[in-house]
>>> print(open('model_25.txt').read())   # compact mmCIF, C-alpha atoms
# COMPACT_ATOMS: atom_id res chain seq x y z
CA THR A 1 0.00 0.00 0.00
CA GLY A 2 0.96 3.65 -0.26
CA ALA A 3 1.26 4.06 3.50
CA GLU A 4 3.54 1.04 3.78
CA LEU A 5 5.71 2.36 0.95
CA LEU A 6 6.05 5.70 2.75
CA ARG A 7 7.03 3.87 5.94
CA TYR A 8 9.60 1.91 3.96
CA ILE A 9 11.13 5.02 2.40
CA PHE A 10 11.16 6.87 5.71
CA PHE A 11 12.73 3.93 7.56
CA SER A 12 15.42 3.35 4.93
CA ASN A 13 16.36 7.03 4.53
CA LEU A 14 16.43 7.63 8.27
CA CYS A 15 18.62 4.62 9.01
CA VAL A 16 21.01 5.41 6.14
CA GLY A 17 21.31 9.08 7.16
CA VAL A 18 21.91 8.34 10.85
CA SER A 19 24.44 5.60 10.03
CA LEU A 20 26.41 7.86 7.67
CA PHE A 21 26.36 10.71 10.20
CA LEU A 22 27.71 8.46 12.96
CA TRP A 23 30.33 7.02 10.60
CA GLN A 24 31.61 10.47 9.67
CA ILE A 25 31.77 11.52 13.33
CA PHE A 26 33.64 8.33 14.18
CA ARG A 27 36.18 8.86 11.40
CA TYR A 28 36.76 12.43 12.54
CA MET A 29 37.25 11.33 16.16
CA VAL A 30 39.85 8.80 15.03
CA THR A 31 41.76 10.95 12.52
CA PHE A 32 40.88 14.56 13.54
CA ASP A 33 40.71 15.32 9.82
CA PHE A 34 38.04 17.90 8.96
CA HIS A 35 37.79 16.50 5.43
CA ASN A 36 35.93 13.51 6.88
CA LEU A 37 33.16 15.88 7.97
CA GLU A 38 33.04 17.60 4.58
CA GLU A 39 32.79 14.45 2.47
CA PRO A 40 29.74 14.71 0.16
CA VAL A 41 26.87 12.32 0.77
CA GLN A 42 24.75 10.98 -2.08
CA GLY A 43 21.47 10.55 -0.24
CA SER A 44 19.47 9.42 -3.26
CA VAL A 45 21.79 6.45 -3.81
CA GLY A 46 20.63 4.82 -0.57
CA LEU A 47 17.01 5.28 -1.60
CA VAL A 48 17.64 3.78 -5.06
CA ALA A 49 19.33 0.77 -3.44
CA ALA A 50 16.42 0.33 -1.04
CA LEU A 51 13.89 0.49 -3.88
CA ALA A 52 15.94 -2.06 -5.83
CA MET A 53 15.41 -4.39 -2.88
CA THR A 54 11.64 -4.14 -3.34
CA VAL A 55 12.05 -5.18 -6.99
CA ARG A 56 13.96 -8.24 -5.83
CA GLN A 57 11.19 -9.05 -3.37
CA LYS A 58 8.25 -8.65 -5.77
CA ALA A 59 9.68 -10.08 -8.99
CA PRO A 60 12.82 -12.09 -8.19
CA ASP A 61 12.88 -14.03 -11.46
CA GLU A 62 12.14 -11.11 -13.77
CA PRO A 63 15.05 -10.71 -16.23
CA ILE A 64 16.93 -7.42 -16.31
CA ARG A 65 16.67 -6.07 -19.83
CA LEU A 66 18.81 -3.62 -21.72
CA GLY A 67 16.43 -2.55 -24.44
CA ALA A 68 14.62 -5.68 -25.59
CA ALA A 69 17.31 -8.24 -24.79
CA PRO A 70 18.05 -9.72 -21.34
CA LEU A 71 21.26 -8.41 -19.80
CA ALA A 72 23.77 -11.25 -19.41
CA GLY A 73 21.16 -13.55 -17.91
CA LEU A 74 20.71 -11.32 -14.86
CA THR A 75 17.41 -11.29 -12.98
CA ALA A 76 15.88 -9.00 -10.37
CA LYS A 77 17.51 -11.13 -7.66
CA ASP A 78 20.88 -9.89 -8.90
CA LEU A 79 19.88 -6.22 -8.97
CA PRO A 80 21.03 -5.21 -5.43
CA LEU A 81 24.38 -6.94 -5.88
CA ALA A 82 24.83 -5.34 -9.32
CA LEU A 83 24.18 -1.88 -7.83
CA LEU A 84 26.70 -2.58 -5.07
CA ALA A 85 29.29 -3.63 -7.63
CA LEU A 86 28.73 -0.50 -9.75
CA SER A 87 28.84 1.80 -6.71
CA GLY A 88 32.00 0.09 -5.48
CA LEU A 89 33.60 0.59 -8.89
CA ALA A 90 32.59 4.26 -8.95
CA SER A 91 33.97 4.80 -5.46
CA GLY A 92 37.19 2.95 -6.24
CA LEU A 93 37.82 5.03 -9.36
CA GLY A 94 37.10 8.25 -7.47
CA VAL A 95 34.10 9.11 -9.62
CA SER A 96 31.68 9.38 -6.71
CA PRO A 97 31.88 8.08 -3.11
CA MET A 98 28.58 6.23 -3.09
CA PHE A 99 29.43 2.67 -2.02
CA ALA A 100 28.61 3.18 1.68
CA GLN A 101 25.24 4.74 0.86
CA CYS A 102 24.36 1.92 -1.52
CA LEU A 103 25.42 -0.74 0.96
CA LEU A 104 23.44 0.81 3.82
CA GLY A 105 20.39 1.39 1.63
CA SER A 106 20.39 -2.25 0.54
CA TYR A 107 20.89 -3.52 4.07
CA PHE A 108 18.22 -1.43 5.82
CA GLY A 109 15.81 -2.02 2.95
CA TRP A 110 16.30 -5.76 3.44
CA VAL A 111 15.84 -5.43 7.23
CA PHE A 112 12.50 -3.69 6.74
CA LEU A 113 11.20 -6.13 4.16
CA ARG A 114 12.44 -9.19 6.03
CA PHE A 115 11.38 -8.33 9.59
CA VAL A 116 9.29 -5.13 9.80
CA GLN A 117 6.96 -5.03 6.81
CA ARG A 118 3.31 -5.67 7.63
CA THR A 119 1.77 -8.46 5.60
CA GLY A 120 -1.64 -10.09 5.64
CA GLY A 121 -2.92 -11.88 8.72
CA GLY A 122 -0.98 -9.72 11.15
CA VAL A 123 2.32 -11.30 10.16
CA ARG A 124 5.43 -9.16 9.92
CA GLY A 125 8.24 -9.74 7.49
CA ASP A 126 8.83 -11.79 4.36
CA ASP A 127 10.17 -15.30 4.99
CA ALA A 128 10.58 -16.18 1.31
CA GLU A 129 13.71 -18.12 0.45
CA HIS A 130 14.95 -15.51 -2.02
CA MET A 131 14.93 -12.91 0.79
CA CYS A 132 17.15 -14.83 3.21
CA PHE A 133 20.51 -13.26 4.04
CA ILE A 134 22.81 -15.75 2.35
CA SER A 135 20.87 -15.58 -0.94
CA PHE A 136 22.42 -12.16 -1.59
CA PHE A 137 25.88 -13.68 -1.93
CA PRO A 138 27.30 -15.52 -4.95
CA PRO A 139 27.07 -19.32 -4.63
CA VAL A 140 30.80 -19.56 -3.95
CA LEU A 141 30.56 -17.30 -0.88
CA ARG A 142 27.32 -18.68 0.55
CA PRO A 143 28.94 -21.31 2.84
CA LEU A 144 31.06 -18.58 4.45
CA ALA A 145 28.05 -16.27 4.74
CA HIS A 146 26.07 -19.09 6.36
CA VAL A 147 28.77 -19.57 9.00
CA VAL A 148 28.84 -15.84 9.80
CA ALA A 149 25.03 -15.57 9.94
CA SER A 150 24.68 -18.66 12.13
CA SER A 151 27.35 -17.40 14.53
CA ALA A 152 25.60 -14.02 14.84
CA TYR A 153 22.29 -15.82 15.48
CA ARG A 154 23.80 -17.93 18.26
CA VAL A 155 25.24 -14.83 19.92
CA VAL A 156 21.96 -12.88 19.86
CA CYS A 157 19.38 -15.61 20.48
CA THR A 158 21.05 -17.47 23.35
CA LYS A 159 19.22 -19.82 25.68
CA GLY A 160 19.71 -17.32 28.49
CA VAL A 161 17.84 -14.63 26.58
CA GLN A 162 15.04 -17.02 25.69
CA SER A 163 14.64 -18.31 29.25
CA LEU A 164 14.60 -14.74 30.56
CA LEU A 165 11.75 -13.82 28.23
CA ASP A 166 9.89 -17.00 29.13
CA GLU A 167 9.84 -15.83 32.74
CA LEU A 168 7.94 -12.64 31.88
CA PRO A 169 4.24 -12.95 32.82
CA ILE A 170 2.26 -11.68 29.83
CA GLY A 171 -0.97 -12.42 28.06
CA HIS A 172 -4.58 -11.37 27.90
CA GLY A 173 -6.06 -11.27 31.39
CA ALA A 174 -2.75 -12.25 32.95
CA PRO A 175 -0.83 -9.98 35.33
CA GLY A 176 2.01 -8.23 33.62
CA VAL A 177 5.15 -6.43 34.70
CA SER A 178 3.14 -3.36 35.71
CA HIS A 179 1.10 -5.51 38.18
CA ILE A 180 4.30 -6.66 39.89
CA VAL A 181 5.57 -3.10 40.16
CA ASP A 182 2.24 -1.92 41.60
CA ALA A 183 2.29 -4.71 44.19
CA ALA A 184 5.81 -3.80 45.25
CA VAL A 185 4.92 -0.11 45.57
CA SER A 186 1.72 -0.75 47.53
CA GLY A 187 3.50 -2.97 50.03
CA SER A 188 1.35 -6.03 49.40
CA GLY A 189 4.13 -8.10 47.97
CA SER A 190 4.59 -10.47 50.94
CA ASP A 191 0.88 -11.22 51.38
CA ALA A 192 -0.17 -11.25 47.76
CA VAL A 193 -0.45 -14.44 45.83
CA ALA A 194 2.20 -14.72 43.17
CA PRO A 195 0.69 -14.23 39.73
CA PRO A 196 0.74 -17.16 37.35
CA LYS A 197 3.56 -17.10 34.87
CA ILE A 198 2.65 -17.57 31.26
CA PRO A 199 5.52 -18.29 28.87
CA ALA A 200 6.14 -15.48 26.42
CA PRO A 201 6.03 -16.14 22.69
CA PRO A 202 9.44 -17.14 21.35
CA LEU A 203 11.69 -14.52 19.89
CA PRO A 204 11.31 -13.99 16.12
CA GLY A 205 13.79 -16.35 14.55
CA SER A 206 14.45 -18.38 17.74
CA ASN A 207 13.54 -21.71 16.14
CA LYS A 208 15.76 -23.71 13.85
CA ALA A 209 13.65 -23.08 10.74
CA ASP A 210 13.95 -19.32 11.14
CA ALA A 211 17.66 -19.66 11.83
CA GLU A 212 18.14 -21.50 8.54
CA ARG A 213 16.18 -18.94 6.51
CA ARG A 214 18.27 -16.10 7.99
>>> encode(input="model_25.txt", output="C-alpha cells")
Amino acid sequence: TGAELLRYIFFSNLCVGVSLFLWQIFRYMVTFDFHNLEEPVQGSVGLVAALAMTVRQKAPDEPIRLGAAPLAGLTAKDLPLALLALSGLASGLGVSPMFAQCLLGSYFGWVFLRFVQRTGGGVRGDDAEHMCFISFFPPVLRPLAHVVASSAYRVVCTKGVQSLLDELPIGHGAPGVSHIVDAAVSGSGSDAVAPPKIPAPPLPGSNKADAERR
C-alpha cells in the first residue's frame, strides 16, 4: 500500500542518514581530519538501493533487460548486488563516493522487508527463500556467509535470553510487569499471591527453521 511504501522510504532514509552521520563523526574522532566531515553524501543512492530491494522481493525471477534483450542472464535477484558492484567501482575510481550509501540502503531495505513489513494476517516480514541473508551472496561465498550468519544468530538468540523472556508474565487477562511493580509499591508483595507465569512467545527467529532462513 501507499502508507507502507512511505514507511519503507522513511525507515530506509532515516537509518542510512543516521548511520552515515555516525560514521563520519567516528572517522573524525579517530583521525581529527576535517575533510571527513566535509565528504559529500549521495542521499538518493541509498534510496535507489532500497527500492531495488523491493524489486527483488516482488519479482525475483524477472530478467533485467537492456532494451529488448536480457542483460547477461541477470534477474531481479541480482539487482542489489549489481548496484553494489557498480557503486563500489565508482567509489574505487574516485568518480563518486557512493558505495557506503548503496550498501546501507540495501541492508536497511532488506531489514524492513524481512522483519518489519506488515503483511496479511498480522504477520510481519517476508520469509521467502529468495529474501534470506545468504541468498544475496554468490554461490561460492554462501557457505562462508552461512557460518557468519549462524554465529551471529547464536550470539543474539542465546538460551539465556530465551529463558529470561519466558519468565515474563504476559498475556490477555494475565498480570504483567506493571502488576508486579504496583504490588511492590503498595506494600502487598509479601501477602499477595504470586501471579501465574505464562511463557512469552518465542523470539522472532528463535527456532531452527527461522535460523536456517536467515
>>> closest_residue(input="model_25.txt", among="A:Leu14, A:Gly2, A:Gln101, A:Ala90", to="Val48 of chain A", atoms="all atoms listed in the file")
A:Gln101
>>> residues_around(input="model_25.txt", residues="segment 60-64 of chain A", least_positions_apart="4", cutoff="10 Å", atoms="all atoms listed in the file", output="VMD selection string")
chain A and resid 53 to 56 68 to 79 130 to 131
>>> atom_distance(input="model_25.txt", atom1="atom CA of Tyr8 of chain A", atom2="atom CA of Val123 of chain A")
16.3 Å
>>> residues_near_point(input="model_25.txt", point="(24.3, 0.9, 2.4)", cutoff="8 Å", atoms="only C-alpha atoms", output="NGL selection string")
:A and (16 or 46 or 49 or 99-108)
>>> write_last_selection(input="model_25.txt", atoms="C-alpha atoms", output="mmCIF file, keeping the file's coordinate frame")
data_model
loop_
_atom_site.group_PDB
_atom_site.id
_atom_site.type_symbol
_atom_site.label_atom_id
_atom_site.label_comp_id
_atom_site.auth_asym_id
_atom_site.auth_seq_id
_atom_site.Cartn_x
_atom_site.Cartn_y
_atom_site.Cartn_z
ATOM 1 C CA VAL A 16 21.010 5.410 6.140
ATOM 2 C CA GLY A 46 20.630 4.820 -0.570
ATOM 3 C CA ALA A 49 19.330 0.770 -3.440
ATOM 4 C CA PHE A 99 29.430 2.670 -2.020
ATOM 5 C CA ALA A 100 28.610 3.180 1.680
ATOM 6 C CA GLN A 101 25.240 4.740 0.860
ATOM 7 C CA CYS A 102 24.360 1.920 -1.520
ATOM 8 C CA LEU A 103 25.420 -0.740 0.960
ATOM 9 C CA LEU A 104 23.440 0.810 3.820
ATOM 10 C CA GLY A 105 20.390 1.390 1.630
ATOM 11 C CA SER A 106 20.390 -2.250 0.540
ATOM 12 C CA TYR A 107 20.890 -3.520 4.070
ATOM 13 C CA PHE A 108 18.220 -1.430 5.820
#
>>> atom_distance(input="model_25.txt", atom1="atom CA of Leu22 of chain A", atom2="atom CA of Val41 of chain A")
12.8 Å
>>> closest_residue(input="model_25.txt", among="A:Gln117, A:Gln42, A:Thr31, A:Asn13", to="Gln57 of chain A", atoms="all atoms listed in the file")
A:Gln117
>>> atom_distance(input="model_25.txt", atom1="atom CA of Met98 of chain A", atom2="atom CA of Leu86 of chain A")
9.5 Å
>>> closest_residue(input="model_25.txt", among="A:Cys15, A:Leu6, A:Met29, A:Val111", to="Phe133 of chain A", atoms="only C-alpha atoms")
A:Val111
>>> decode(input="model_25.txt", residues="segment 28-46 of chain A", atoms="N, CA, C and O atoms", output="PDB file, in the first residue's frame")
ATOM      1  N   TYR A  28      36.135  11.190  12.089  1.00  0.00           N
ATOM      2  CA  TYR A  28      36.757  12.432  12.542  1.00  0.00           C
ATOM      3  C   TYR A  28      37.381  12.260  13.928  1.00  0.00           C
ATOM      4  O   TYR A  28      38.488  12.762  14.190  1.00  0.00           O
ATOM      5  N   MET A  29      36.713  11.536  14.818  1.00  0.00           N
ATOM      6  CA  MET A  29      37.254  11.325  16.161  1.00  0.00           C
ATOM      7  C   MET A  29      38.526  10.498  16.136  1.00  0.00           C
ATOM      8  O   MET A  29      39.385  10.645  17.004  1.00  0.00           O
ATOM      9  N   VAL A  30      38.650   9.640  15.139  1.00  0.00           N
ATOM     10  CA  VAL A  30      39.847   8.802  15.029  1.00  0.00           C
ATOM     11  C   VAL A  30      40.995   9.556  14.366  1.00  0.00           C
ATOM     12  O   VAL A  30      42.152   9.464  14.793  1.00  0.00           O
ATOM     13  N   THR A  31      40.704  10.316  13.316  1.00  0.00           N
ATOM     14  CA  THR A  31      41.762  10.955  12.518  1.00  0.00           C
ATOM     15  C   THR A  31      41.921  12.443  12.780  1.00  0.00           C
ATOM     16  O   THR A  31      42.964  13.007  12.426  1.00  0.00           O
ATOM     17  N   PHE A  32      40.896  13.106  13.351  1.00  0.00           N
ATOM     18  CA  PHE A  32      40.878  14.560  13.535  1.00  0.00           C
ATOM     19  C   PHE A  32      41.117  15.299  12.216  1.00  0.00           C
ATOM     20  O   PHE A  32      41.751  16.346  12.188  1.00  0.00           O
ATOM     21  N   ASP A  33      40.606  14.725  11.153  1.00  0.00           N
ATOM     22  CA  ASP A  33      40.713  15.319   9.821  1.00  0.00           C
ATOM     23  C   ASP A  33      39.346  15.905   9.450  1.00  0.00           C
ATOM     24  O   ASP A  33      38.356  15.183   9.319  1.00  0.00           O
ATOM     25  N   PHE A  34      39.299  17.241   9.265  1.00  0.00           N
ATOM     26  CA  PHE A  34      38.036  17.900   8.963  1.00  0.00           C
ATOM     27  C   PHE A  34      37.457  17.466   7.617  1.00  0.00           C
ATOM     28  O   PHE A  34      36.262  17.634   7.379  1.00  0.00           O
ATOM     29  N   HIS A  35      38.294  16.930   6.738  1.00  0.00           N
ATOM     30  CA  HIS A  35      37.787  16.504   5.435  1.00  0.00           C
ATOM     31  C   HIS A  35      36.775  15.361   5.573  1.00  0.00           C
ATOM     32  O   HIS A  35      35.912  15.182   4.707  1.00  0.00           O
ATOM     33  N   ASN A  36      36.891  14.591   6.660  1.00  0.00           N
ATOM     34  CA  ASN A  36      35.926  13.510   6.878  1.00  0.00           C
ATOM     35  C   ASN A  36      34.528  14.047   7.160  1.00  0.00           C
ATOM     36  O   ASN A  36      33.530  13.367   6.903  1.00  0.00           O
ATOM     37  N   LEU A  37      34.461  15.265   7.713  1.00  0.00           N
ATOM     38  CA  LEU A  37      33.160  15.876   7.974  1.00  0.00           C
ATOM     39  C   LEU A  37      32.597  16.575   6.748  1.00  0.00           C
ATOM     40  O   LEU A  37      31.395  16.852   6.693  1.00  0.00           O
ATOM     41  N   GLU A  38      33.458  16.874   5.772  1.00  0.00           N
ATOM     42  CA  GLU A  38      33.035  17.599   4.584  1.00  0.00           C
ATOM     43  C   GLU A  38      32.825  16.692   3.384  1.00  0.00           C
ATOM     44  O   GLU A  38      32.549  17.158   2.282  1.00  0.00           O
ATOM     45  N   GLU A  39      32.952  15.380   3.590  1.00  0.00           N
ATOM     46  CA  GLU A  39      32.786  14.449   2.471  1.00  0.00           C
ATOM     47  C   GLU A  39      31.343  14.485   1.978  1.00  0.00           C
ATOM     48  O   GLU A  39      30.404  14.392   2.769  1.00  0.00           O
ATOM     49  N   PRO A  40      31.116  14.637   0.676  1.00  0.00           N
ATOM     50  CA  PRO A  40      29.742  14.713   0.160  1.00  0.00           C
ATOM     51  C   PRO A  40      29.003  13.391   0.330  1.00  0.00           C
ATOM     52  O   PRO A  40      29.598  12.315   0.285  1.00  0.00           O
ATOM     53  N   VAL A  41      27.717  13.496   0.568  1.00  0.00           N
ATOM     54  CA  VAL A  41      26.869  12.325   0.775  1.00  0.00           C
ATOM     55  C   VAL A  41      25.812  12.285  -0.320  1.00  0.00           C
ATOM     56  O   VAL A  41      25.096  13.265  -0.528  1.00  0.00           O
ATOM     57  N   GLN A  42      25.746  11.158  -1.029  1.00  0.00           N
ATOM     58  CA  GLN A  42      24.752  10.977  -2.084  1.00  0.00           C
ATOM     59  C   GLN A  42      23.516  10.313  -1.482  1.00  0.00           C
ATOM     60  O   GLN A  42      23.384   9.094  -1.457  1.00  0.00           O
ATOM     61  N   GLY A  43      22.611  11.117  -0.945  1.00  0.00           N
ATOM     62  CA  GLY A  43      21.467  10.552  -0.240  1.00  0.00           C
ATOM     63  C   GLY A  43      20.537   9.747  -1.124  1.00  0.00           C
ATOM     64  O   GLY A  43      19.941   8.759  -0.671  1.00  0.00           O
ATOM     65  N   SER A  44      20.400  10.138  -2.381  1.00  0.00           N
ATOM     66  CA  SER A  44      19.473   9.420  -3.258  1.00  0.00           C
ATOM     67  C   SER A  44      19.959   8.020  -3.591  1.00  0.00           C
ATOM     68  O   SER A  44      19.144   7.150  -3.940  1.00  0.00           O
ATOM     69  N   VAL A  45      21.257   7.768  -3.478  1.00  0.00           N
ATOM     70  CA  VAL A  45      21.789   6.446  -3.810  1.00  0.00           C
ATOM     71  C   VAL A  45      21.244   5.397  -2.841  1.00  0.00           C
ATOM     72  O   VAL A  45      20.875   4.290  -3.234  1.00  0.00           O
ATOM     73  N   GLY A  46      21.188   5.754  -1.554  1.00  0.00           N
ATOM     74  CA  GLY A  46      20.634   4.821  -0.573  1.00  0.00           C
ATOM     75  C   GLY A  46      19.180   4.500  -0.854  1.00  0.00           C
ATOM     76  O   GLY A  46      18.740   3.350  -0.701  1.00  0.00           O
TER      77      GLY A  46
END
